[in-house]
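Source file: run_12.pdb. Holds: PDB, C-alpha atoms.
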```pdb
ATOM      1  CA  ALA A   1     -51.146  61.057  64.582
ATOM      2  CA  ASN A   2     -47.658  62.238  63.658
ATOM      3  CA  VAL A   3     -47.032  63.890  67.057
ATOM      4  CA  LEU A   4     -48.250  60.805  68.869
ATOM      5  CA  VAL A   5     -45.985  58.367  67.003
ATOM      6  CA  LEU A   6     -43.004  60.541  67.953
ATOM      7  CA  ALA A   7     -43.849  60.052  71.634
ATOM      8  CA  TYR A   8     -43.446  56.278  71.467
ATOM      9  CA  ASP A   9     -40.709  53.950  70.277
ATOM     10  CA  VAL A  10     -42.562  52.553  67.265
ATOM     11  CA  PRO A  11     -41.257  50.729  64.195
ATOM     12  CA  LEU A  12     -40.496  52.791  61.114
ATOM     13  CA  GLY A  13     -43.589  51.503  59.258
ATOM     14  CA  VAL A  14     -45.901  52.612  62.075
ATOM     15  CA  MET A  15     -44.172  55.987  62.193
ATOM     16  CA  ALA A  16     -44.554  56.388  58.427
ATOM     17  CA  ALA A  17     -48.236  55.461  58.668
ATOM     18  CA  GLY A  18     -48.742  57.976  61.486
ATOM     19  CA  PHE A  19     -47.099  60.729  59.489
ATOM     20  CA  PHE A  20     -49.141  59.772  56.426
ATOM     21  CA  VAL A  21     -52.401  59.979  58.398
ATOM     22  CA  GLY A  22     -51.315  63.269  59.977
ATOM     23  CA  GLY A  23     -50.317  64.726  56.609
ATOM     24  CA  MET A  24     -53.542  63.649  54.935
ATOM     25  CA  SER A  25     -55.575  65.067  57.822
ATOM     26  CA  PHE A  26     -53.763  68.384  57.612
ATOM     27  CA  ALA A  27     -54.175  68.548  53.834
ATOM     28  CA  PHE A  28     -57.910  67.837  54.154
ATOM     29  CA  TRP A  29     -58.273  70.488  56.858
ATOM     30  CA  LEU A  30     -56.356  73.065  54.814
ATOM     31  CA  VAL A  31     -58.545  72.557  51.742
ATOM     32  CA  MET A  32     -61.740  72.686  53.806
ATOM     33  CA  TRP A  33     -60.577  75.789  55.726
ATOM     34  CA  SER A  34     -59.523  77.638  52.585
ATOM     35  CA  THR A  35     -62.750  76.760  50.784
ATOM     36  CA  THR A  36     -64.871  77.788  53.760
ATOM     37  CA  VAL A  37     -63.118  81.133  54.174
ATOM     38  CA  GLN A  38     -63.364  81.903  50.459
ATOM     39  CA  THR A  39     -67.057  81.005  50.252
ATOM     40  CA  HIS A  40     -68.302  82.499  53.561
ATOM     41  CA  VAL A  41     -66.244  85.679  53.958
ATOM     42  CA  PRO A  42     -67.320  88.703  51.896
ATOM     43  CA  GLN A  43     -64.897  89.452  49.064
ATOM     44  CA  GLU A  44     -64.038  92.894  50.439
ATOM     45  CA  ALA A  45     -62.896  91.400  53.784
ATOM     46  CA  LEU A  46     -61.104  88.327  52.423
ATOM     47  CA  ASN A  47     -57.577  89.828  52.359
ATOM     48  CA  ARG A  48     -57.882  91.172  55.900
ATOM     49  CA  ILE A  49     -59.236  87.887  57.263
ATOM     50  CA  HIS A  50     -56.467  85.953  55.539
ATOM     51  CA  ALA A  51     -53.836  88.310  56.959
ATOM     52  CA  TYR A  52     -55.198  87.895  60.499
ATOM     53  CA  ASP A  53     -55.358  84.131  60.036
ATOM     54  CA  VAL A  54     -51.756  83.858  58.830
ATOM     55  CA  ALA A  55     -50.430  86.313  61.435
ATOM     56  CA  GLY A  56     -52.200  84.517  64.277
ATOM     57  CA  SER A  57     -51.047  81.124  63.067
ATOM     58  CA  LEU A  58     -47.422  82.220  62.708
ATOM     59  CA  ILE A  59     -47.405  83.916  66.106
ATOM     60  CA  MET A  60     -48.826  80.846  67.853
ATOM     61  CA  LEU A  61     -46.428  78.576  65.977
ATOM     62  CA  ALA A  62     -43.517  80.677  67.241
ATOM     63  CA  VAL A  63     -44.881  80.683  70.800
ATOM     64  CA  GLY A  64     -45.313  76.912  70.721
ATOM     65  CA  ARG A  65     -41.815  76.352  69.411
ATOM     66  CA  ALA A  66     -40.338  78.726  71.994
ATOM     67  CA  LEU A  67     -42.123  76.942  74.848
ATOM     68  CA  ALA A  68     -41.625  73.360  73.649
ATOM     69  CA  GLY A  69     -37.968  73.076  74.688
ATOM     70  CA  PRO A  70     -38.249  74.486  78.212
ATOM     71  CA  VAL A  71     -41.483  72.587  78.905
ATOM     72  CA  ALA A  72     -40.006  69.336  77.558
ATOM     73  CA  GLU A  73     -36.971  69.839  79.770
ATOM     74  CA  ALA A  74     -39.217  70.378  82.790
ATOM     75  CA  VAL A  75     -41.733  67.548  82.279
ATOM     76  CA  GLY A  76     -40.207  65.351  79.585
ATOM     77  CA  MET A  77     -40.452  65.195  75.805
ATOM     78  CA  LYS A  78     -42.875  62.270  75.781
ATOM     79  CA  GLN A  79     -45.305  64.092  78.070
ATOM     80  CA  VAL A  80     -45.189  67.226  75.888
ATOM     81  CA  LEU A  81     -45.901  65.215  72.722
ATOM     82  CA  ILE A  82     -48.777  63.253  74.296
ATOM     83  CA  THR A  83     -50.257  66.403  75.845
ATOM     84  CA  GLY A  84     -49.999  68.195  72.487
ATOM     85  CA  ALA A  85     -51.849  65.368  70.762
ATOM     86  CA  VAL A  86     -54.569  65.366  73.434
ATOM     87  CA  ILE A  87     -54.972  69.146  73.204
ATOM     88  CA  ASN A  88     -55.192  68.906  69.408
ATOM     89  CA  VAL A  89     -57.978  66.310  69.555
ATOM     90  CA  GLY A  90     -59.695  68.213  72.365
ATOM     91  CA  VAL A  91     -59.747  71.481  70.441
ATOM     92  CA  CYS A  92     -61.218  69.691  67.406
ATOM     93  CA  GLY A  93     -63.878  68.161  69.665
ATOM     94  CA  VAL A  94     -64.781  71.542  71.124
ATOM     95  CA  LEU A  95     -65.054  73.069  67.643
ATOM     96  CA  PHE A  96     -67.293  70.245  66.426
ATOM     97  CA  ALA A  97     -69.477  70.726  69.518
ATOM     98  CA  VAL A  98     -70.353  74.257  68.354
ATOM     99  CA  PRO A  99     -73.541  73.947  66.274
ATOM    100  CA  ALA A 100     -72.584  76.846  63.957
ATOM    101  CA  VAL A 101     -69.348  75.019  63.085
ATOM    102  CA  ARG A 102     -70.789  71.521  62.940
ATOM    103  CA  ASN A 103     -73.738  72.547  60.748
ATOM    104  CA  LEU A 104     -71.824  74.876  58.411
ATOM    105  CA  ARG A 105     -72.721  74.093  54.827
ATOM    106  CA  ARG A 106     -70.876  74.947  51.668
ATOM    107  CA  LYS A 107     -72.140  77.948  49.750
ATOM    108  CA  GLY A 108     -72.280  78.208  46.015
TER
END
```
As structure tokens, what does this structure read like?
Amino acid sequence: ANVLVLAYDVPLGVMAAGFFVGGMSFAFWLVMWSTTVQTHVPQEALNRIHAYDVAGSLIMLAVGRALAGPVAEAVGMKQVLITGAVINVGVCGVLFAVPAVRNLRRKG
């Protein structure tokens, strides 16, 4: 929601609401991800999995930031923001389509 409101000329209240929804969604995801990793990954592998997760996330964040400027210059900032929002929703849809992800239950 927060990336999408940046793509359009919206009033400040709508932008604030979009960022609120985006922030709440991210906070919910982070809690659910952390809880899932801690309850489904064996204790002896937890540090390694967390290190791979953080390293992969930081690398992809850097790649995205490095590509955002040149791509926005080539196709336009609005198109990059809208495409990013669509990709984000699409990836979530693909993950929810995987039965092992969709049916994952909390342990403990």
Name every residue that the PyMOL selection byres ((chain A and resi 22-32) around 12) selects in this structure, writing the answer as an mmCIF file with C-alpha atoms, in the frame of the given file with chains first and numbers rising.
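Output file expr_22.cif follows:
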```cif
data_model
loop_
_atom_site.group_PDB
_atom_site.id
_atom_site.type_symbol
_atom_site.label_atom_id
_atom_site.label_comp_id
_atom_site.auth_asym_id
_atom_site.auth_seq_id
_atom_site.Cartn_x
_atom_site.Cartn_y
_atom_site.Cartn_z
ATOM 1 C CA ALA A 1 -51.146 61.057 64.582
ATOM 2 C CA ASN A 2 -47.658 62.238 63.658
ATOM 3 C CA VAL A 3 -47.032 63.890 67.057
ATOM 4 C CA LEU A 4 -48.250 60.805 68.869
ATOM 5 C CA VAL A 5 -45.985 58.367 67.003
ATOM 6 C CA LEU A 6 -43.004 60.541 67.953
ATOM 7 C CA MET A 15 -44.172 55.987 62.193
ATOM 8 C CA ALA A 16 -44.554 56.388 58.427
ATOM 9 C CA ALA A 17 -48.236 55.461 58.668
ATOM 10 C CA GLY A 18 -48.742 57.976 61.486
ATOM 11 C CA PHE A 19 -47.099 60.729 59.489
ATOM 12 C CA PHE A 20 -49.141 59.772 56.426
ATOM 13 C CA VAL A 21 -52.401 59.979 58.398
ATOM 14 C CA TRP A 33 -60.577 75.789 55.726
ATOM 15 C CA SER A 34 -59.523 77.638 52.585
ATOM 16 C CA THR A 35 -62.750 76.760 50.784
ATOM 17 C CA THR A 36 -64.871 77.788 53.760
ATOM 18 C CA VAL A 37 -63.118 81.133 54.174
ATOM 19 C CA GLN A 38 -63.364 81.903 50.459
ATOM 20 C CA THR A 39 -67.057 81.005 50.252
ATOM 21 C CA HIS A 40 -68.302 82.499 53.561
ATOM 22 C CA ALA A 85 -51.849 65.368 70.762
ATOM 23 C CA ASN A 88 -55.192 68.906 69.408
ATOM 24 C CA CYS A 92 -61.218 69.691 67.406
ATOM 25 C CA LEU A 104 -71.824 74.876 58.411
ATOM 26 C CA ARG A 105 -72.721 74.093 54.827
ATOM 27 C CA ARG A 106 -70.876 74.947 51.668
#
```
Selected residue, from A:Leu46, A:Gly56, A:Leu81, A:Ala7, that lies nearest to Gly69 of chain A when counting only C-alpha atoms: A:Leu81
Take every atom of segment 27-36 of chain A listed in the file, fit an axis-aligned box around them, add 4 Å per side, and give the centre and edge lengths in Å to one decimal as AutoDock Vina command-line options.
```
--center_x -59.5 --center_y 72.8 --center_z 53.8 --size_x 18.7 --size_y 18.0 --size_z 14.1
```
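Atom pair atom CA of Asp9 of chain A / atom CA of Ala66 of chain A has a distance of 24.8 Å (rounded to one decimal).
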Atom pair atom CA of Arg65 of chain A / atom CA of His50 of chain A: separation (Å): 22.3 Å
